[in-house]
$ cat start.txt   # compact mmCIF, N, CA and C atoms
# COMPACT_ATOMS: atom_id res chain seq x y z
N MET A 1 197.53 90.21 -16.53
CA MET A 1 196.87 90.48 -15.27
C MET A 1 197.93 90.54 -14.18
N SER A 2 197.71 91.44 -13.22
CA SER A 2 198.63 91.63 -12.11
C SER A 2 197.87 91.46 -10.80
N VAL A 3 198.54 91.01 -9.76
CA VAL A 3 197.88 90.92 -8.45
C VAL A 3 198.14 92.18 -7.63
N THR A 4 198.88 93.13 -8.19
CA THR A 4 199.17 94.36 -7.46
C THR A 4 198.42 95.56 -8.02
N ARG A 5 197.80 95.42 -9.21
CA ARG A 5 197.10 96.55 -9.81
C ARG A 5 196.05 96.05 -10.79
N THR A 6 194.89 96.67 -10.77
CA THR A 6 193.86 96.40 -11.76
C THR A 6 193.26 97.73 -12.19
N GLU A 7 192.99 97.87 -13.47
CA GLU A 7 192.40 99.10 -13.98
C GLU A 7 191.37 98.75 -15.04
N HIS A 8 190.20 99.35 -14.91
CA HIS A 8 189.13 99.14 -15.88
C HIS A 8 188.63 100.51 -16.31
N THR A 9 188.48 100.68 -17.60
CA THR A 9 188.08 101.98 -18.14
C THR A 9 186.83 101.84 -19.00
N LEU A 10 186.09 102.91 -19.09
CA LEU A 10 184.93 102.98 -19.97
C LEU A 10 184.70 104.43 -20.35
N ARG A 11 183.88 104.63 -21.34
CA ARG A 11 183.55 105.98 -21.80
C ARG A 11 182.08 106.21 -21.49
N LEU A 12 181.80 107.28 -20.75
CA LEU A 12 180.43 107.62 -20.37
C LEU A 12 180.16 109.09 -20.72
N ALA A 13 179.10 109.32 -21.44
CA ALA A 13 178.69 110.69 -21.78
C ALA A 13 179.85 111.51 -22.34
N GLY A 14 180.71 110.86 -23.13
CA GLY A 14 181.83 111.55 -23.74
C GLY A 14 183.04 111.75 -22.85
N HIS A 15 183.08 111.05 -21.72
CA HIS A 15 184.19 111.21 -20.78
C HIS A 15 184.81 109.85 -20.46
N ASP A 16 186.12 109.86 -20.22
CA ASP A 16 186.83 108.65 -19.84
C ASP A 16 186.72 108.44 -18.34
N VAL A 17 186.26 107.27 -17.96
CA VAL A 17 186.10 106.91 -16.55
C VAL A 17 186.96 105.68 -16.29
N ALA A 18 187.69 105.69 -15.20
CA ALA A 18 188.53 104.55 -14.83
C ALA A 18 188.37 104.26 -13.34
N VAL A 19 188.38 102.99 -13.00
CA VAL A 19 188.43 102.55 -11.61
C VAL A 19 189.73 101.75 -11.49
N VAL A 20 190.60 102.21 -10.59
CA VAL A 20 191.93 101.62 -10.45
C VAL A 20 192.09 101.08 -9.03
N GLY A 21 192.49 99.83 -8.91
CA GLY A 21 192.81 99.23 -7.62
C GLY A 21 194.29 98.92 -7.56
N GLU A 22 194.92 99.28 -6.45
CA GLU A 22 196.35 99.02 -6.28
C GLU A 22 196.60 98.42 -4.90
N SER A 23 197.46 97.42 -4.85
CA SER A 23 197.79 96.77 -3.59
C SER A 23 198.53 97.74 -2.68
N GLY A 24 198.25 97.64 -1.40
CA GLY A 24 198.97 98.40 -0.40
C GLY A 24 199.59 97.47 0.61
N VAL A 25 200.25 98.02 1.59
CA VAL A 25 200.89 97.20 2.62
C VAL A 25 199.84 96.43 3.41
N VAL A 26 198.76 97.12 3.79
CA VAL A 26 197.70 96.49 4.56
C VAL A 26 196.38 96.48 3.80
N ARG A 27 196.09 97.55 3.06
CA ARG A 27 194.81 97.69 2.37
C ARG A 27 195.02 98.00 0.89
N ALA A 28 194.04 97.61 0.10
CA ALA A 28 194.04 98.01 -1.31
C ALA A 28 193.53 99.44 -1.41
N ARG A 29 194.12 100.19 -2.33
CA ARG A 29 193.72 101.58 -2.57
C ARG A 29 192.96 101.62 -3.89
N TRP A 30 191.76 102.20 -3.87
CA TRP A 30 190.90 102.29 -5.05
C TRP A 30 190.70 103.75 -5.41
N THR A 31 190.79 104.04 -6.71
CA THR A 31 190.64 105.41 -7.20
C THR A 31 189.63 105.43 -8.34
N LEU A 32 188.70 106.37 -8.26
CA LEU A 32 187.78 106.65 -9.36
C LEU A 32 188.33 107.86 -10.09
N ARG A 33 188.60 107.71 -11.39
CA ARG A 33 189.14 108.80 -12.20
C ARG A 33 188.15 109.20 -13.28
N ILE A 34 188.02 110.50 -13.48
CA ILE A 34 187.19 111.04 -14.55
C ILE A 34 188.10 111.91 -15.40
N ASP A 35 188.23 111.56 -16.67
CA ASP A 35 189.12 112.26 -17.59
C ASP A 35 190.53 112.42 -17.02
N GLY A 36 191.00 111.36 -16.36
CA GLY A 36 192.36 111.34 -15.84
C GLY A 36 192.55 111.94 -14.46
N ASP A 37 191.55 112.65 -13.95
CA ASP A 37 191.66 113.28 -12.63
C ASP A 37 190.98 112.41 -11.56
N ALA A 38 191.61 112.30 -10.40
CA ALA A 38 191.03 111.52 -9.30
C ALA A 38 189.79 112.23 -8.77
N ALA A 39 188.65 111.56 -8.86
CA ALA A 39 187.41 112.10 -8.32
C ALA A 39 187.20 111.67 -6.88
N ASP A 40 187.65 110.45 -6.54
CA ASP A 40 187.51 109.93 -5.18
C ASP A 40 188.53 108.81 -4.99
N VAL A 41 189.00 108.67 -3.76
CA VAL A 41 189.99 107.65 -3.41
C VAL A 41 189.57 107.03 -2.09
N GLY A 42 189.72 105.73 -1.96
CA GLY A 42 189.42 105.05 -0.71
C GLY A 42 190.28 103.81 -0.56
N GLU A 43 190.37 103.32 0.67
CA GLU A 43 191.14 102.11 0.95
C GLU A 43 190.28 101.12 1.72
N THR A 44 190.53 99.84 1.46
CA THR A 44 189.84 98.81 2.21
C THR A 44 190.66 97.53 2.17
N ALA A 45 190.66 96.80 3.28
CA ALA A 45 191.30 95.49 3.32
C ALA A 45 190.30 94.43 2.89
N ARG A 46 189.04 94.64 3.24
CA ARG A 46 187.95 93.78 2.79
C ARG A 46 186.65 94.47 3.12
N GLY A 47 185.62 94.11 2.39
CA GLY A 47 184.31 94.72 2.61
C GLY A 47 183.93 95.63 1.46
N ASP A 48 182.99 96.53 1.74
CA ASP A 48 182.44 97.39 0.71
C ASP A 48 182.98 98.81 0.81
N LEU A 49 183.16 99.41 -0.34
CA LEU A 49 183.67 100.77 -0.46
C LEU A 49 182.92 101.42 -1.62
N VAL A 50 182.42 102.63 -1.43
CA VAL A 50 181.76 103.36 -2.51
C VAL A 50 182.56 104.60 -2.83
N LEU A 51 182.96 104.72 -4.10
CA LEU A 51 183.66 105.90 -4.59
C LEU A 51 182.66 106.73 -5.37
N ARG A 52 182.68 108.05 -5.13
CA ARG A 52 181.70 108.94 -5.75
C ARG A 52 182.37 110.00 -6.60
N GLY A 53 181.72 110.31 -7.70
CA GLY A 53 182.21 111.38 -8.56
C GLY A 53 181.04 112.01 -9.29
N THR A 54 181.32 113.08 -10.00
CA THR A 54 180.32 113.78 -10.80
C THR A 54 180.91 114.06 -12.17
N LEU A 55 180.20 113.66 -13.21
CA LEU A 55 180.65 113.96 -14.55
C LEU A 55 180.49 115.46 -14.80
N PRO A 56 181.21 116.02 -15.77
CA PRO A 56 181.10 117.46 -16.04
C PRO A 56 179.69 117.96 -16.33
N ASP A 57 178.80 117.07 -16.80
CA ASP A 57 177.41 117.50 -17.04
C ASP A 57 176.58 117.52 -15.76
N GLY A 58 177.20 117.19 -14.61
CA GLY A 58 176.51 117.22 -13.32
C GLY A 58 175.89 115.90 -12.90
N SER A 59 175.96 114.89 -13.75
CA SER A 59 175.35 113.60 -13.41
C SER A 59 176.25 112.82 -12.45
N PRO A 60 175.63 112.12 -11.48
CA PRO A 60 176.40 111.38 -10.48
C PRO A 60 176.97 110.08 -11.03
N LEU A 61 178.12 109.73 -10.48
CA LEU A 61 178.81 108.51 -10.87
C LEU A 61 179.25 107.80 -9.60
N LEU A 62 178.99 106.49 -9.52
CA LEU A 62 179.39 105.69 -8.36
C LEU A 62 180.20 104.49 -8.84
N ALA A 63 181.21 104.14 -8.07
CA ALA A 63 181.92 102.88 -8.26
C ALA A 63 181.81 102.14 -6.94
N GLU A 64 181.08 101.04 -6.95
CA GLU A 64 180.86 100.24 -5.75
C GLU A 64 181.84 99.08 -5.77
N VAL A 65 182.74 99.05 -4.79
CA VAL A 65 183.79 98.04 -4.72
C VAL A 65 183.47 97.07 -3.59
N HIS A 66 183.52 95.79 -3.88
CA HIS A 66 183.46 94.78 -2.82
C HIS A 66 184.79 94.05 -2.85
N GLN A 67 185.61 94.32 -1.84
CA GLN A 67 186.96 93.76 -1.75
C GLN A 67 186.93 92.56 -0.81
N GLY A 68 187.26 91.38 -1.35
CA GLY A 68 187.34 90.19 -0.52
C GLY A 68 188.70 90.12 0.16
N ALA A 69 188.77 89.46 1.30
CA ALA A 69 190.06 89.27 1.97
C ALA A 69 190.97 88.40 1.12
N PHE A 70 190.40 87.43 0.45
CA PHE A 70 191.11 86.57 -0.49
C PHE A 70 190.20 86.44 -1.71
N GLY A 71 190.77 86.40 -2.86
CA GLY A 71 189.96 86.27 -4.06
C GLY A 71 189.73 87.61 -4.73
N PRO A 72 188.91 87.61 -5.78
CA PRO A 72 188.76 88.82 -6.60
C PRO A 72 187.93 89.91 -5.92
N ALA A 73 188.16 91.13 -6.38
CA ALA A 73 187.32 92.26 -5.99
C ALA A 73 186.29 92.45 -7.09
N ARG A 74 185.07 92.76 -6.69
CA ARG A 74 184.00 93.02 -7.65
C ARG A 74 183.68 94.50 -7.64
N VAL A 75 183.53 95.08 -8.83
CA VAL A 75 183.25 96.51 -8.96
C VAL A 75 182.05 96.70 -9.88
N VAL A 76 181.13 97.57 -9.46
CA VAL A 76 179.98 97.96 -10.27
C VAL A 76 180.05 99.47 -10.45
N VAL A 77 179.99 99.93 -11.71
CA VAL A 77 179.98 101.37 -11.98
C VAL A 77 178.56 101.76 -12.35
N ARG A 78 178.04 102.76 -11.65
CA ARG A 78 176.68 103.25 -11.88
C ARG A 78 176.73 104.72 -12.30
N HIS A 79 175.97 105.04 -13.34
CA HIS A 79 175.84 106.41 -13.83
C HIS A 79 174.38 106.78 -13.67
N GLY A 80 174.10 107.69 -12.72
CA GLY A 80 172.71 107.98 -12.40
C GLY A 80 172.06 106.73 -11.84
N ASP A 81 170.92 106.33 -12.41
CA ASP A 81 170.22 105.13 -11.96
C ASP A 81 170.59 103.88 -12.74
N ASP A 82 171.49 104.01 -13.71
CA ASP A 82 171.84 102.89 -14.59
C ASP A 82 173.14 102.22 -14.16
N THR A 83 173.16 100.89 -14.24
CA THR A 83 174.40 100.14 -14.06
C THR A 83 175.09 100.11 -15.41
N GLU A 84 176.29 100.65 -15.48
CA GLU A 84 177.01 100.74 -16.74
C GLU A 84 177.90 99.54 -17.00
N VAL A 85 178.58 99.06 -15.96
CA VAL A 85 179.50 97.95 -16.16
C VAL A 85 179.76 97.26 -14.82
N ARG A 86 180.04 95.98 -14.91
CA ARG A 86 180.48 95.18 -13.76
C ARG A 86 181.78 94.53 -14.16
N PHE A 87 182.74 94.51 -13.26
CA PHE A 87 183.98 93.83 -13.58
C PHE A 87 184.59 93.24 -12.32
N THR A 88 185.49 92.32 -12.54
CA THR A 88 186.20 91.66 -11.46
C THR A 88 187.69 91.93 -11.65
N GLY A 89 188.36 92.29 -10.57
CA GLY A 89 189.80 92.52 -10.60
C GLY A 89 190.42 91.80 -9.42
N PHE A 90 191.70 91.91 -9.28
CA PHE A 90 192.36 91.24 -8.17
C PHE A 90 193.52 92.10 -7.70
N VAL A 91 193.43 92.55 -6.47
CA VAL A 91 194.53 93.23 -5.81
C VAL A 91 194.60 92.71 -4.39
N LEU A 92 195.77 92.72 -3.82
CA LEU A 92 195.97 92.21 -2.46
C LEU A 92 195.86 93.33 -1.45
$ encode --input "start.txt" --output "C-alpha cells"
Amino acid sequence: MSVTRTEHTLRLAGHDVAVVGESGVVRARWTLRIDGDAADVGETARGDLVLRGTLPDGSPLLAEVHQGAFGPARVVVRHGDDTEVRFTGFVL
C-alpha cells in the first residue's frame, strides 16, 4: 500500500474498469479508466467527487469518491442502477 497512489480494478460487462487516486501538491487527482483509457478525471482536497464514464455498450458508469482531509478515501463504483464495488484507498 502507498500513501501517494491507490488503484482498484474490476471487470464489468467484459471491460476493465479502474479508479486511480494519486497524491498531488494540494489535491488528490482521481481518474476513472475504461479499458485503459481515461474516461474522466477530477481533483479534490476533501469532499465528494463524481467521475462519469460510459461503457462501450452505452451503459453509464459512476465512481463516487469521498476524499477526507485526513484518513482514507472511500470510493463506490456504480454501473447503471447497481453498486458494483466499494473500496477504501489512501492518498494525500
$ residues_around --input "start.txt" --residues "A:Arg46" --least-positions-apart "6" --cutoff "6 Å" --atoms "only C-alpha atoms" --output "list of chain:residue names"
A:Gln67, A:Gly68, A:Ala69
$ closest_residue --input "start.txt" --among "A:Val65, A:Ala73, A:Val19, A:Leu12" --to "A:Thr31" --atoms "all atoms listed in the file"
A:Val19
$ atom_distance --input "start.txt" --atom1 "atom N of A:Gly80" --atom2 "atom CA of A:Leu62"
7.1 Å
$ closest_residue --input "start.txt" --among "A:Ala39, A:Pro56, A:Arg33, A:Val25" --to "A:Glu7" --atoms "only C-alpha atoms"
A:Arg33
$ atom_distance --input "start.txt" --atom1 "atom CA of A:Arg74" --atom2 "atom CA of A:Glu43"
14.4 Å
$ select_by_dssp --input "start.txt" --residues "chain A" --states "strand (DSSP E or B)" --output "ChimeraX atom specification"
/A:5-12,15-22,28-34,37-44,47-54,60-67,73-79,82-89
$ atom_distance --input "start.txt" --atom1 "atom C of A:Asp48" --atom2 "atom CA of A:His66"
5.4 Å
$ residues_near_point --input "start.txt" --point "(193.2, 103.9, -7.5)" --cutoff "6.5 Å" --atoms "all atoms listed in the file" --output "list in words"
Val19, Val20, Gly21, Glu22, Arg29, Trp30, Thr31, Leu32 and Val41 of chain A
$ closest_residue --input "start.txt" --among "A:Ser23, A:Glu84, A:His15, A:Ala28" --to "A:Asp57" --atoms "only C-alpha atoms"
A:His15
$ decode --input "start.txt" --residues "stretch 11-33 of chain A" --atoms "N, CA and C atoms" --output "PDB file, in the first residue's frame"
ATOM      1  N   ARG A  11     -13.801  -5.888 -13.445  1.00  0.00           N
ATOM      2  CA  ARG A  11     -14.237  -6.200 -14.806  1.00  0.00           C
ATOM      3  C   ARG A  11     -15.750  -6.083 -14.832  1.00  0.00           C
ATOM      4  N   LEU A  12     -16.265  -5.246 -15.732  1.00  0.00           N
ATOM      5  CA  LEU A  12     -17.705  -5.029 -15.865  1.00  0.00           C
ATOM      6  C   LEU A  12     -18.108  -5.206 -17.326  1.00  0.00           C
ATOM      7  N   ALA A  13     -19.086  -6.042 -17.557  1.00  0.00           N
ATOM      8  CA  ALA A  13     -19.625  -6.245 -18.907  1.00  0.00           C
ATOM      9  C   ALA A  13     -18.516  -6.504 -19.920  1.00  0.00           C
ATOM     10  N   GLY A  14     -17.484  -7.247 -19.502  1.00  0.00           N
ATOM     11  CA  GLY A  14     -16.389  -7.584 -20.397  1.00  0.00           C
ATOM     12  C   GLY A  14     -15.340  -6.506 -20.583  1.00  0.00           C
ATOM     13  N   HIS A  15     -15.358  -5.488 -19.728  1.00  0.00           N
ATOM     14  CA  HIS A  15     -14.410  -4.379 -19.851  1.00  0.00           C
ATOM     15  C   HIS A  15     -13.669  -4.166 -18.534  1.00  0.00           C
ATOM     16  N   ASP A  16     -12.415  -3.736 -18.649  1.00  0.00           N
ATOM     17  CA  ASP A  16     -11.609  -3.431 -17.476  1.00  0.00           C
ATOM     18  C   ASP A  16     -11.881  -2.003 -17.027  1.00  0.00           C
ATOM     19  N   VAL A  17     -12.236  -1.867 -15.764  1.00  0.00           N
ATOM     20  CA  VAL A  17     -12.531  -0.558 -15.175  1.00  0.00           C
ATOM     21  C   VAL A  17     -11.560  -0.342 -14.018  1.00  0.00           C
ATOM     22  N   ALA A  18     -10.982   0.835 -13.943  1.00  0.00           N
ATOM     23  CA  ALA A  18     -10.057   1.162 -12.855  1.00  0.00           C
ATOM     24  C   ALA A  18     -10.370   2.556 -12.322  1.00  0.00           C
ATOM     25  N   VAL A  19     -10.242   2.709 -11.021  1.00  0.00           N
ATOM     26  CA  VAL A  19     -10.314   4.018 -10.379  1.00  0.00           C
ATOM     27  C   VAL A  19      -8.958   4.214  -9.717  1.00  0.00           C
ATOM     28  N   VAL A  20      -8.275   5.291 -10.118  1.00  0.00           N
ATOM     29  CA  VAL A  20      -6.907   5.543  -9.666  1.00  0.00           C
ATOM     30  C   VAL A  20      -6.867   6.881  -8.934  1.00  0.00           C
ATOM     31  N   GLY A  21      -6.325   6.881  -7.729  1.00  0.00           N
ATOM     32  CA  GLY A  21      -6.105   8.107  -6.968  1.00  0.00           C
ATOM     33  C   GLY A  21      -4.619   8.341  -6.811  1.00  0.00           C
ATOM     34  N   GLU A  22      -4.187   9.576  -7.068  1.00  0.00           N
ATOM     35  CA  GLU A  22      -2.769   9.917  -6.939  1.00  0.00           C
ATOM     36  C   GLU A  22      -2.630  11.220  -6.160  1.00  0.00           C
ATOM     37  N   SER A  23      -1.659  11.256  -5.260  1.00  0.00           N
ATOM     38  CA  SER A  23      -1.416  12.452  -4.467  1.00  0.00           C
ATOM     39  C   SER A  23      -0.926  13.581  -5.351  1.00  0.00           C
ATOM     40  N   GLY A  24      -1.354  14.782  -5.025  1.00  0.00           N
ATOM     41  CA  GLY A  24      -0.873  15.971  -5.701  1.00  0.00           C
ATOM     42  C   GLY A  24      -0.275  16.928  -4.690  1.00  0.00           C
ATOM     43  N   VAL A  25       0.178  18.061  -5.151  1.00  0.00           N
ATOM     44  CA  VAL A  25       0.774  19.046  -4.259  1.00  0.00           C
ATOM     45  C   VAL A  25      -0.263  19.560  -3.265  1.00  0.00           C
ATOM     46  N   VAL A  26      -1.460  19.866  -3.771  1.00  0.00           N
ATOM     47  CA  VAL A  26      -2.526  20.379  -2.916  1.00  0.00           C
ATOM     48  C   VAL A  26      -3.721  19.436  -2.881  1.00  0.00           C
ATOM     49  N   ARG A  27      -4.045  18.824  -4.012  1.00  0.00           N
ATOM     50  CA  ARG A  27      -5.232  17.976  -4.126  1.00  0.00           C
ATOM     51  C   ARG A  27      -4.872  16.603  -4.680  1.00  0.00           C
ATOM     52  N   ALA A  28      -5.688  15.630  -4.316  1.00  0.00           N
ATOM     53  CA  ALA A  28      -5.556  14.305  -4.922  1.00  0.00           C
ATOM     54  C   ALA A  28      -6.221  14.326  -6.291  1.00  0.00           C
ATOM     55  N   ARG A  29      -5.623  13.619  -7.236  1.00  0.00           N
ATOM     56  CA  ARG A  29      -6.160  13.517  -8.596  1.00  0.00           C
ATOM     57  C   ARG A  29      -6.748  12.115  -8.752  1.00  0.00           C
ATOM     58  N   TRP A  30      -7.999  12.042  -9.188  1.00  0.00           N
ATOM     59  CA  TRP A  30      -8.704  10.775  -9.370  1.00  0.00           C
ATOM     60  C   TRP A  30      -9.038  10.596 -10.840  1.00  0.00           C
ATOM     61  N   THR A  31      -8.820   9.377 -11.337  1.00  0.00           N
ATOM     62  CA  THR A  31      -9.080   9.064 -12.737  1.00  0.00           C
ATOM     63  C   THR A  31      -9.931   7.804 -12.833  1.00  0.00           C
ATOM     64  N   LEU A  32     -10.974   7.868 -13.640  1.00  0.00           N
ATOM     65  CA  LEU A  32     -11.775   6.694 -13.984  1.00  0.00           C
ATOM     66  C   LEU A  32     -11.297   6.229 -15.353  1.00  0.00           C
ATOM     67  N   ARG A  33     -10.841   4.980 -15.428  1.00  0.00           N
ATOM     68  CA  ARG A  33     -10.340   4.420 -16.689  1.00  0.00           C
ATOM     69  C   ARG A  33     -11.228   3.265 -17.140  1.00  0.00           C
TER      70      ARG A  33
END
